[in-house]
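Pasted below: data_12.cif, mmCIF, C-alpha atoms.
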```cif
data_protein
#
loop_
_atom_site.label_atom_id
_atom_site.label_comp_id
_atom_site.auth_asym_id
_atom_site.auth_seq_id
_atom_site.Cartn_x
_atom_site.Cartn_y
_atom_site.Cartn_z
CA MET A 1 -7.22 -49.18 23.88
CA ASN A 2 -5.60 -46.99 26.46
CA ASP A 3 -2.79 -46.33 24.07
CA LEU A 4 -5.23 -45.33 21.35
CA ASN A 5 -7.01 -42.87 23.65
CA LEU A 6 -3.73 -41.28 24.62
CA GLN A 7 -2.80 -40.85 20.99
CA ARG A 8 -6.14 -39.29 20.23
CA ARG A 9 -5.81 -36.91 23.15
CA ASN A 10 -2.35 -35.90 22.06
CA PHE A 11 -3.53 -35.39 18.51
CA LEU A 12 -6.38 -33.14 19.66
CA LYS A 13 -4.04 -31.14 21.86
CA THR A 14 -1.58 -30.62 19.06
CA SER A 15 -4.20 -29.61 16.52
CA LEU A 16 -5.81 -27.15 18.94
CA GLY A 17 -2.43 -25.60 19.59
CA ALA A 18 -1.70 -25.37 15.87
CA ALA A 19 -5.10 -23.77 15.21
CA ALA A 20 -4.51 -21.20 17.94
CA VAL A 21 -1.11 -20.35 16.50
CA ALA A 22 -2.65 -19.98 13.03
CA ILE A 23 -5.52 -17.74 14.14
CA ALA A 24 -3.74 -15.58 16.71
CA PRO A 25 -1.89 -13.26 14.29
CA GLY A 26 -5.12 -12.66 12.36
CA LEU A 27 -7.01 -11.71 15.49
CA MET A 28 -4.21 -9.47 16.55
CA LEU A 29 -4.18 -7.86 13.12
CA PHE A 30 -7.90 -7.29 13.34
CA LYS A 31 -7.58 -5.73 16.77
CA VAL A 32 -4.77 -3.43 15.71
CA ALA A 33 -6.47 -2.51 12.47
CA GLN A 34 -9.77 -1.59 14.06
CA ALA A 35 -9.60 2.01 13.10
CA LYS A 36 -10.71 4.85 15.24
CA GLY A 37 -13.49 7.13 14.08
CA GLU A 38 -16.60 6.49 12.08
CA GLY A 39 -15.35 6.49 8.52
CA ALA A 40 -17.46 7.57 5.58
CA SER A 41 -21.15 7.48 6.42
CA SER A 42 -24.04 7.03 4.00
CA LYS A 43 -26.01 9.60 6.00
CA VAL A 44 -23.77 12.22 4.41
CA ARG A 45 -23.80 13.15 0.73
CA TRP A 46 -20.99 15.52 -0.09
CA GLY A 47 -21.71 17.91 -2.91
CA MET A 48 -20.92 21.24 -4.45
CA LEU A 49 -22.99 24.07 -5.79
CA ILE A 50 -21.29 26.25 -8.35
CA ASP A 51 -22.74 29.70 -8.87
CA THR A 52 -21.96 30.53 -12.49
CA ALA A 53 -22.90 34.18 -11.93
CA GLN A 54 -20.01 34.49 -9.46
CA CYS A 55 -17.54 32.50 -11.54
CA LYS A 56 -15.46 35.01 -13.49
CA PRO A 57 -14.18 34.32 -17.02
CA GLY A 58 -10.39 34.21 -17.11
CA CYS A 59 -10.12 33.44 -13.40
CA ASN A 60 -8.25 30.18 -12.87
CA GLU A 61 -7.86 30.21 -9.08
CA CYS A 62 -9.71 26.95 -8.45
CA VAL A 63 -7.61 25.10 -11.02
CA THR A 64 -4.37 26.47 -9.62
CA ALA A 65 -5.39 25.61 -6.07
CA CYS A 66 -6.32 22.04 -7.08
CA SER A 67 -3.06 21.61 -8.95
CA ARG A 68 -1.06 22.83 -5.96
CA GLU A 69 -3.00 20.75 -3.46
CA ASN A 70 -2.91 17.51 -5.41
CA GLY A 71 0.43 17.96 -7.12
CA TRP A 72 -0.58 17.64 -10.77
CA VAL A 73 0.80 19.84 -13.52
CA ASN A 74 -0.96 20.57 -16.78
CA GLU A 75 1.24 21.96 -19.53
CA ASN A 76 -1.47 21.70 -22.19
CA ARG A 77 -0.18 18.48 -23.67
CA PRO A 78 -2.98 16.13 -24.71
CA THR A 79 -2.03 13.54 -22.09
CA ASP A 80 -1.64 15.95 -19.17
CA PRO A 81 -3.79 15.45 -16.10
CA GLN A 82 -6.77 17.71 -15.52
CA TRP A 83 -8.64 17.09 -12.32
CA ILE A 84 -10.53 20.33 -12.82
CA ARG A 85 -10.70 22.67 -15.81
CA LYS A 86 -12.35 25.95 -16.59
CA ILE A 87 -14.69 25.94 -19.55
CA GLU A 88 -16.25 28.89 -21.34
CA ILE A 89 -19.64 28.32 -22.95
CA LYS A 90 -21.74 30.55 -25.17
CA ASP A 91 -25.39 30.36 -26.07
CA ILE A 92 -25.27 31.10 -29.80
CA SER A 93 -28.82 32.39 -30.12
CA SER A 94 -28.69 34.84 -27.22
CA GLY A 95 -24.96 35.47 -27.08
CA ARG A 96 -24.91 34.80 -23.32
CA GLU A 97 -21.46 33.74 -22.17
CA LEU A 98 -20.65 31.69 -19.10
CA SER A 99 -17.53 30.44 -17.41
CA LEU A 100 -17.53 27.49 -15.08
CA PRO A 101 -15.28 24.85 -13.59
CA MET A 102 -15.80 21.24 -14.69
CA MET A 103 -14.54 18.25 -12.75
CA CYS A 104 -15.70 14.86 -11.51
CA GLN A 105 -19.40 15.34 -10.72
CA HIS A 106 -19.41 12.61 -8.05
CA CYS A 107 -22.51 10.89 -9.45
CA GLU A 108 -24.82 8.80 -7.35
CA ASN A 109 -24.86 6.22 -10.17
CA PRO A 110 -21.37 6.62 -11.60
CA PRO A 111 -20.82 5.01 -15.01
CA CYS A 112 -17.07 4.82 -14.24
CA VAL A 113 -17.85 2.45 -11.36
CA ASP A 114 -20.16 0.34 -13.54
CA VAL A 115 -17.52 -0.31 -16.17
CA CYS A 116 -14.47 -0.86 -13.96
CA PRO A 117 -13.31 -4.48 -14.37
CA THR A 118 -11.33 -4.56 -11.11
CA ASN A 119 -13.61 -2.59 -8.75
CA ALA A 120 -10.91 0.07 -8.55
CA SER A 121 -13.35 2.78 -9.52
CA MET A 122 -15.58 3.08 -6.49
CA LYS A 123 -18.03 5.27 -4.64
CA ARG A 124 -17.52 5.88 -0.97
CA ALA A 125 -20.52 5.71 1.36
CA ASP A 126 -20.58 9.51 1.54
CA GLY A 127 -20.89 9.87 -2.22
CA ILE A 128 -17.29 10.62 -3.15
CA VAL A 129 -16.24 8.78 -6.30
CA LEU A 130 -12.63 7.62 -6.14
CA VAL A 131 -10.09 5.45 -7.92
CA ASP A 132 -8.52 2.78 -5.72
CA LYS A 133 -5.09 2.90 -7.31
CA HIS A 134 -4.08 -0.26 -5.48
CA ARG A 135 -6.48 -2.08 -7.79
CA CYS A 136 -6.43 0.11 -10.91
CA ILE A 137 -4.85 -1.68 -13.86
CA GLY A 138 -4.90 1.38 -16.10
CA CYS A 139 -7.38 0.05 -18.66
CA ARG A 140 -9.08 3.46 -18.93
CA TYR A 141 -12.60 2.12 -19.45
CA CYS A 142 -13.75 4.65 -16.86
CA MET A 143 -12.30 7.50 -18.88
CA MET A 144 -14.36 6.33 -21.83
CA ALA A 145 -17.49 5.91 -19.71
CA CYS A 146 -17.39 9.31 -18.01
CA PRO A 147 -19.72 11.77 -19.79
CA TYR A 148 -17.89 14.70 -18.16
CA LYS A 149 -14.39 13.76 -19.34
CA ALA A 150 -13.34 14.16 -15.74
CA ARG A 151 -10.67 11.50 -15.59
CA SER A 152 -7.11 11.43 -16.80
CA PHE A 153 -4.36 8.85 -16.94
CA VAL A 154 -0.84 9.15 -15.55
CA HIS A 155 1.55 8.41 -18.39
CA GLU A 156 4.89 9.26 -16.83
CA PRO A 157 6.59 8.16 -13.62
CA LEU A 158 6.05 10.70 -10.84
CA HIS A 159 8.28 11.83 -8.01
CA ASP A 160 7.89 13.90 -4.87
CA GLN A 161 4.12 13.48 -4.51
CA ASN A 162 2.17 15.12 -1.73
CA PRO A 163 2.22 12.61 1.17
CA ASP A 164 -1.57 13.12 1.44
CA VAL A 165 -2.23 12.54 -2.26
CA PRO A 166 -0.59 9.41 -3.67
CA ARG A 167 -0.45 9.44 -7.49
CA GLY A 168 1.37 7.07 -9.76
CA LYS A 169 2.11 6.02 -13.30
CA GLY A 170 -0.30 3.57 -14.92
CA THR A 171 -3.38 4.55 -12.97
CA VAL A 172 -6.40 6.71 -13.71
CA GLU A 173 -7.12 9.67 -11.51
CA SER A 174 -9.65 12.44 -11.10
CA CYS A 175 -11.02 14.95 -8.64
CA THR A 176 -11.25 13.30 -5.22
CA LEU A 177 -13.28 16.19 -3.80
CA CYS A 178 -10.08 16.60 -1.73
CA VAL A 179 -11.07 13.56 0.30
CA HIS A 180 -7.97 13.90 2.49
CA ARG A 181 -9.09 17.40 3.45
CA ILE A 182 -12.74 16.40 3.99
CA ASP A 183 -11.71 13.56 6.32
CA ASN A 184 -9.69 16.17 8.15
CA GLY A 185 -12.68 18.49 8.56
CA GLN A 186 -11.62 20.95 5.86
CA GLN A 187 -13.33 21.85 2.59
CA PRO A 188 -11.89 21.12 -0.87
CA ALA A 189 -9.00 23.29 -2.04
CA CYS A 190 -10.96 24.79 -4.97
CA ALA A 191 -13.86 25.88 -2.79
CA GLU A 192 -11.47 27.45 -0.34
CA ALA A 193 -9.46 29.21 -3.05
CA CYS A 194 -12.31 30.74 -5.07
CA PRO A 195 -12.04 34.52 -4.63
CA ASN A 196 -15.76 35.04 -5.37
CA GLN A 197 -17.11 32.19 -3.23
CA ALA A 198 -18.63 30.71 -6.38
CA ILE A 199 -18.11 27.18 -5.06
CA LEU A 200 -20.28 26.16 -2.14
CA PHE A 201 -19.31 22.85 -0.58
CA GLY A 202 -21.34 20.87 1.93
CA ASP A 203 -23.57 17.96 2.88
CA LEU A 204 -26.58 17.74 0.58
CA ASN A 205 -28.30 15.38 3.01
CA ASP A 206 -28.16 17.76 5.96
CA PRO A 207 -31.22 20.07 5.72
CA ALA A 208 -29.49 22.65 7.91
CA SER A 209 -26.39 22.96 5.71
CA ALA A 210 -25.92 26.06 3.52
CA ILE A 211 -25.76 24.00 0.36
CA ALA A 212 -28.96 22.05 1.08
CA GLN A 213 -30.85 25.24 1.85
CA LYS A 214 -29.62 26.94 -1.31
CA VAL A 215 -30.45 23.90 -3.46
CA LYS A 216 -33.92 24.01 -1.91
CA SER A 217 -34.45 27.73 -2.53
CA VAL A 218 -32.90 28.48 -5.94
CA ALA A 219 -33.03 26.76 -9.33
CA THR A 220 -29.99 24.57 -9.80
CA THR A 221 -29.02 22.26 -12.64
CA GLN A 222 -27.14 19.04 -12.93
CA VAL A 223 -25.05 18.78 -16.09
CA ARG A 224 -26.44 16.09 -18.40
CA ALA A 225 -29.32 15.46 -16.01
CA ASP A 226 -30.88 13.41 -18.82
CA LEU A 227 -28.41 10.62 -18.05
CA ARG A 228 -29.96 10.34 -14.58
CA LEU A 229 -26.62 9.89 -12.87
CA ASN A 230 -27.64 12.31 -10.10
CA PRO A 231 -24.32 14.17 -9.79
CA GLY A 232 -23.33 15.64 -6.43
CA VAL A 233 -22.04 18.76 -8.20
CA ARG A 234 -24.75 21.22 -9.15
CA TYR A 235 -24.65 24.45 -11.11
CA GLN A 236 -26.67 27.59 -10.54
CA GLY A 237 -27.59 29.87 -13.47
CA LEU A 238 -26.57 27.46 -16.18
CA MET B 1 30.68 -51.00 16.63
CA THR B 2 33.11 -53.09 18.60
CA LYS B 3 32.61 -56.05 16.32
CA PRO B 4 35.80 -56.44 14.35
CA CYS B 5 35.75 -56.12 10.63
CA LYS B 6 35.36 -59.45 9.01
CA SER B 7 37.97 -58.57 6.46
CA GLY B 8 40.68 -58.52 9.07
CA CYS B 9 41.30 -54.83 9.77
CA GLU B 10 40.37 -55.56 13.40
CA GLY B 11 38.02 -52.60 13.64
CA ALA B 12 40.84 -50.10 13.82
CA SER B 13 41.32 -47.43 11.18
CA LEU B 14 43.96 -49.42 9.46
CA ARG B 15 44.49 -50.46 5.93
CA CYS B 16 41.79 -52.97 5.16
CA ALA B 17 43.18 -56.36 4.53
CA MET B 18 40.37 -57.01 2.16
CA LEU B 19 41.94 -54.68 -0.38
CA ALA B 20 44.41 -57.34 -1.25
CA SER B 21 41.75 -59.87 -2.10
CA SER B 22 39.23 -57.56 -3.83
CA PRO B 23 40.39 -54.02 -4.78
CA THR B 24 37.02 -53.00 -6.37
CA PHE B 25 34.92 -53.88 -3.33
CA LYS B 26 33.25 -50.79 -1.90
CA VAL B 27 31.90 -51.79 1.53
CA CYS B 28 33.42 -54.21 3.98
CA PRO B 29 31.03 -57.02 4.83
CA GLY B 30 31.53 -56.05 8.49
CA ARG B 31 31.03 -52.53 9.87
CA CYS B 32 33.65 -50.72 7.87
CA VAL B 33 33.34 -48.08 5.22
CA LEU B 34 35.88 -48.98 2.65
CA HIS B 35 37.51 -46.32 0.59
CA VAL B 36 39.80 -47.24 -2.20
CA LEU B 37 42.85 -46.99 0.00
CA ARG B 38 41.68 -47.10 3.57
CA CYS B 39 39.24 -49.04 5.66
CA ILE B 40 37.81 -46.98 8.52
CA ARG B 41 35.46 -48.07 11.22
CA LEU B 42 31.97 -46.64 10.70
CA ALA B 43 31.95 -45.13 14.21
CA ASP B 44 35.27 -43.44 13.59
CA PHE B 45 34.03 -42.14 10.29
CA PHE B 46 30.99 -40.54 11.93
CA LYS B 47 33.06 -39.10 14.76
CA ALA B 48 35.48 -37.53 12.31
CA SER B 49 32.75 -36.02 10.14
CA PHE B 50 30.95 -34.64 13.18
CA ALA B 51 34.16 -33.01 14.37
CA VAL B 52 34.77 -31.42 10.97
CA PHE B 53 31.15 -30.21 10.74
CA THR B 54 31.25 -28.68 14.23
CA ALA B 55 34.53 -26.96 13.50
CA LEU B 56 33.16 -25.45 10.28
CA LEU B 57 29.93 -24.31 11.96
CA THR B 58 31.80 -22.68 14.81
CA LEU B 59 34.07 -20.91 12.37
CA THR B 60 31.10 -19.60 10.36
CA LEU B 61 29.20 -18.39 13.40
CA LEU B 62 32.13 -16.85 15.18
CA SER B 63 33.71 -15.09 12.24
CA PRO B 64 32.91 -11.40 12.86
CA ALA B 65 33.28 -10.40 9.22
CA ASN B 66 30.68 -12.95 8.21
CA ALA B 67 28.15 -11.83 10.81
CA MET B 68 28.39 -8.22 9.64
CA GLU B 69 27.80 -9.19 6.03
CA THR B 70 24.63 -11.21 6.59
CA LYS B 71 22.63 -8.59 8.45
CA PRO B 72 21.21 -5.55 6.63
CA LYS B 73 22.27 -2.19 7.95
CA ILE B 74 19.19 -0.12 8.60
CA ASP B 75 18.81 3.55 9.29
CA ILE B 76 15.75 3.41 11.55
CA GLY B 77 15.32 7.18 11.73
CA LYS B 78 13.82 8.35 15.01
CA GLY B 79 12.69 4.76 15.60
CA GLY B 80 10.56 3.83 18.57
CA GLN B 81 7.60 1.50 18.85
CA CYS B 82 4.00 2.66 18.65
CA VAL B 83 2.07 -0.25 17.08
CA LYS B 84 3.66 -3.57 18.09
CA ASP B 85 7.06 -4.92 18.98
CA THR B 86 9.80 -5.10 16.38
CA GLN B 87 9.58 -8.83 15.70
CA TRP B 88 5.82 -8.68 15.20
CA MET B 89 6.17 -5.72 12.87
CA ARG B 90 8.89 -7.41 10.85
CA ARG B 91 6.60 -10.35 10.26
CA ASN B 92 3.26 -8.57 9.84
CA HIS B 93 3.74 -4.98 8.73
CA MET B 94 2.67 -5.80 5.18
CA HIS B 95 -0.65 -7.26 6.30
CA LEU B 96 -1.27 -4.29 8.50
CA LEU B 97 -0.53 -1.83 5.69
CA LYS B 98 -2.67 -3.73 3.22
CA HIS B 99 -5.59 -3.91 5.62
CA GLN B 100 -5.20 -0.25 6.51
CA ARG B 101 -5.08 0.94 2.90
CA ASP B 102 -8.44 -0.67 2.07
CA GLU B 103 -10.08 0.59 5.23
CA ALA B 104 -8.78 4.11 4.70
CA LEU B 105 -9.46 4.44 1.01
CA ARG B 106 -12.67 2.52 0.57
CA LYS B 107 -14.36 3.11 3.92
CA GLY B 108 -12.73 6.35 4.99
CA LEU B 109 -11.62 4.72 8.25
CA ARG B 110 -8.36 6.49 8.76
CA ASP B 111 -6.36 5.39 11.76
CA PRO B 112 -3.53 7.87 12.02
CA GLN B 113 -1.48 5.54 14.19
CA ILE B 114 -1.16 2.74 11.65
CA SER B 115 -1.15 4.86 8.50
CA LEU B 116 1.82 4.66 6.16
CA LYS B 117 2.33 8.38 6.70
CA ASN B 118 2.76 7.81 10.42
CA CYS B 119 5.27 4.99 9.83
CA ILE B 120 7.29 7.31 7.65
CA GLU B 121 7.05 10.15 10.14
CA CYS B 122 9.17 8.21 12.66
CA HIS B 123 11.17 5.88 10.45
CA ALA B 124 12.35 8.32 7.79
CA SER B 125 16.04 9.01 8.06
CA ILE B 126 17.01 12.02 10.11
CA ARG B 127 19.59 12.82 7.45
CA ASP B 128 17.34 13.02 4.38
CA ASP B 129 13.75 12.67 5.73
CA SER B 130 13.11 9.63 3.54
CA VAL B 131 12.49 5.89 3.95
CA ILE B 132 13.61 5.10 0.41
CA ALA B 133 16.33 7.54 -0.62
CA ARG B 134 19.40 5.40 0.13
CA GLU B 135 20.56 1.78 0.18
CA ASP B 136 20.29 1.69 3.96
CA SER B 137 17.01 3.62 4.22
CA PHE B 138 14.43 2.03 6.51
CA CYS B 139 12.31 0.27 3.88
CA VAL B 140 14.98 -0.28 1.24
CA ALA B 141 17.60 -1.96 3.45
CA CYS B 142 15.47 -4.98 4.40
CA HIS B 143 13.59 -5.24 1.14
CA LYS B 144 16.83 -5.30 -0.78
CA TYR B 145 18.26 -7.90 1.57
CA GLU B 146 15.15 -10.08 1.25
CA ALA B 147 14.83 -9.34 -2.49
CA VAL B 148 11.19 -8.30 -2.12
CA LYS B 149 10.03 -5.64 -4.55
CA LEU B 150 8.75 -2.54 -2.86
CA ASP B 151 6.15 -0.75 -4.97
CA CYS B 152 4.33 1.38 -2.37
CA PHE B 153 6.48 4.31 -3.26
CA GLU B 154 5.65 4.39 -6.95
CA CYS B 155 2.59 6.34 -5.81
CA HIS B 156 3.15 7.14 -2.15
CA SER B 157 5.65 9.68 -1.02
CA GLY B 158 8.58 8.25 0.90
CA LYS B 159 9.21 11.59 2.55
CA ARG B 160 8.31 12.69 6.03
CA LYS B 161 5.23 14.89 5.67
CA THR B 162 6.53 17.66 7.89
CA ALA B 163 9.67 17.85 5.77
CA TRP B 164 7.67 17.79 2.54
CA LEU B 165 5.45 20.63 3.77
CA LYS B 166 8.47 22.67 4.76
CA GLU B 167 9.99 22.15 1.31
CA HIS B 168 6.76 23.06 -0.47
CA ALA B 169 5.79 25.94 1.82
CA GLN B 170 6.05 28.49 -0.97
#
```

Since I need it in another form, could you write the structure as structure tokens?
Amino acid sequence: MNDLNLQRRNFLKTSLGAAAVAIAPGLMLFKVAQAKGEGASSKVRWGMLIDTAQCKPGCNECVTACSRENGWVNENRPTDPQWIRKIEIKDISSGRELSLPMMCQHCENPPCVDVCPTNASMKRADGIVLVDKHRCIGCRYCMMACPYKARSFVHEPLHDQNPDVPRGKGTVESCTLCVHRIDNGQQPACAEACPNQAILFGDLNDPASAIAQKVKSVATTQVRADLRLNPGVRYQGL
Amino acid sequence: MTKPCKSGCEGASLRCAMLASSPTFKVCPGRCVLHVLRCIRLADFFKASFAVFTALLTLTLLSPANAMETKPKIDIGKGGQCVKDTQWMRRNHMHLLKHQRDEALRKGLRDPQISLKNCIECHASIRDDSVIAREDSFCVACHKYEAVKLDCFECHSGKRKTAWLKEHAQ
């Protein structure tokens, strides 16, 4: 009997020790990985307001700035990346011409996220729609789903990427609203580069922000509002 | 072991007398291991093999050329320790990076100290500002030695950010 008890005690001791050894690295990992800062908050909704009256035809500054910041090159081949592009539109009946930048509209209900089979396409709490390239398998469903044709696919191996903007072959990519700059307290490269201040960037949820006040005071449009995706990018004078 | 071999070799490592009577017999009925030619006491046999094993092990461990070959040569760059000690990092860096990447990308929780960029900042070679450029670069050396595929750098830059910015200043 005594012998049995001893054995049981030893067994318990050993298993407790083993459990501690198994759990310890995980706890340590958790402790180390507890990041500083708040992270993306759902109280914030990042958005842009593009004033088409200020956007000049022929001006390509926003596209150039984006390309430089994020390290993509478009040489007009059909498979080239285009995170942002300038489009010229014309109302046939009135002859009114407009020029405006088109990029990921950072929808509240993004169809690209709905269709993604691996959860790679995702929306951050602060409304930024991103591709988690760690999970992206390159199926391109999201490119098909996007009504704005905002996404592109990397066909060739890449080298010498910007350390802040990882990009790689076999994944889909699109405008990230310069998330690495936003997390750093800066505004997106296109908004900063626009010579006419046609792009206003800010928090749509903050009533005191310039963008929220302008959206409240002037008529603004969401492209394809009929789809009820509630894009974070709005256009004025469309 | 002191019991003499029944076949008459008297327990010494002598020619087994049993050979004469039965040449195909493999094991002495006593405590001998019988080879075709020789009958050796089991204890002697173990002693001899232990001696040979020890000699070989010592040779392997002591040989300086061998020791150099088995360890990867690593260019640790500036080096230093800012997260955890070296042994812990060797064992767990992949879990830390994987955890960090999801936190940073999906939740926006960026911890500059444990970001890949920060690892590279200190561990990139002083010669070429990279953790992947050469055979002995910080990441490549071990991963090559362990034959573990390294695919972080198909998307991520292996260059030190300060160096990259300097290069792309214009």

- Which is closer to Arg224 (chain A) than all the others in A:Pro101, A:Gly39, A:Pro111, A:Pro147, using only C-alpha atoms?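 Looking only at the distances to Arg224 (chain A), the closest residue turns out to be A:Pro147.
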
- Task: Tell me which of A:Ala225, A:Cys55, A:Leu238, A:Cys139 sits closest to Gln105 (chain A), counting all atoms listed in the file.
- Result: A:Ala225

- Query: Rounded to one decimal in Å, what is the spacing between CA of Asp183 (chain A) and CA of Val215 (chain A)?
  - Reply: 23.5 Å

- Taking into account all atoms listed in the file, which residue in the set A:Gln222, A:Ser217, A:Asn60, A:Thr176 is nearest to chain B?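 Ranking A:Gln222, A:Ser217, A:Asn60, A:Thr176 by distance to chain B, first place goes to A:Thr176.
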
- the PyMOL selection byres ((chain B) within 10 of (chain A)) resolved against shown file, as a VMD selection string: chain B and resid 83 to 84 88 91 to 93 95 to 117 120 152 to 162 164 to 165 168

- Query: Distance CA of Val73 (chain A)-CA of Cys194 (chain A), one decimal place?
  - Reply: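 It comes out at 19.0 Å.
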
- Message: as a PyMOL selection string, please: the residues near region 134-145 of chain B (cut-off 9 Å, all atoms listed in the file, same-chain neighbours under 2 positions excluded).
- Response: chain B and resi 70-77+120+123-125+128+130-132+147-150

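Note that the spacing between CA of Met144 (chain A) and CA of Thr220 (chain A) amounts to 26.9 Å.
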
- Cut-off 6 Å around (-19.8, 17.6, -9.4) with all atoms listed in the file: residues as a list of chain:residue names: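 Using all atoms listed in the file, the matching residues come out as A:Cys104, A:Gln105, A:His106, A:Pro231, A:Gly232, A:Val233.
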
Those same residues, written as a PDB file, in the frame of the given file with C-alpha atoms?
```pdb
ATOM      1  CA  CYS A 104     -15.700  14.860 -11.510  1.00  0.00           C
ATOM      2  CA  GLN A 105     -19.400  15.340 -10.720  1.00  0.00           C
ATOM      3  CA  HIS A 106     -19.410  12.610  -8.050  1.00  0.00           C
ATOM      4  CA  PRO A 231     -24.320  14.170  -9.790  1.00  0.00           C
ATOM      5  CA  GLY A 232     -23.330  15.640  -6.430  1.00  0.00           C
ATOM      6  CA  VAL A 233     -22.040  18.760  -8.200  1.00  0.00           C
TER       7      VAL A 233
END
```

- Query: Pick from A:Asn230, A:Gln7, A:Asn196, A:Ser209: nearest to Cys62 (chain A), with all atoms listed in the file counted?
  - Reply: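 That would be A:Asn196, the residue with the smallest distance to Cys62 (chain A).
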
- Message: Can you tell me which residues surround region 149-153 of chain A at a distance of at most 7 Å, considering only C-alpha atoms, apart from same-chain residues fewer than 2 positions away, and format the answer as a PyMOL selection string?
- Response: chain A and resi 81-83+103-104+143+146-147+155+170-174

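Against this structure, the PyMOL selection byres ((chain A and resi 45) around 6) ends up with Val44, Trp46, Asp126, Gly127, Asp203, Leu204 and Asn205 of chain A.
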
- Can you list, as a PyMOL selection string, every protein, DNA or RNA residue that comes within 8 Å of Pro57 (chain A) when you count all atoms listed in the file, leaving out same-chain residues fewer than 6 positions away? chain A and resi 88+98-100
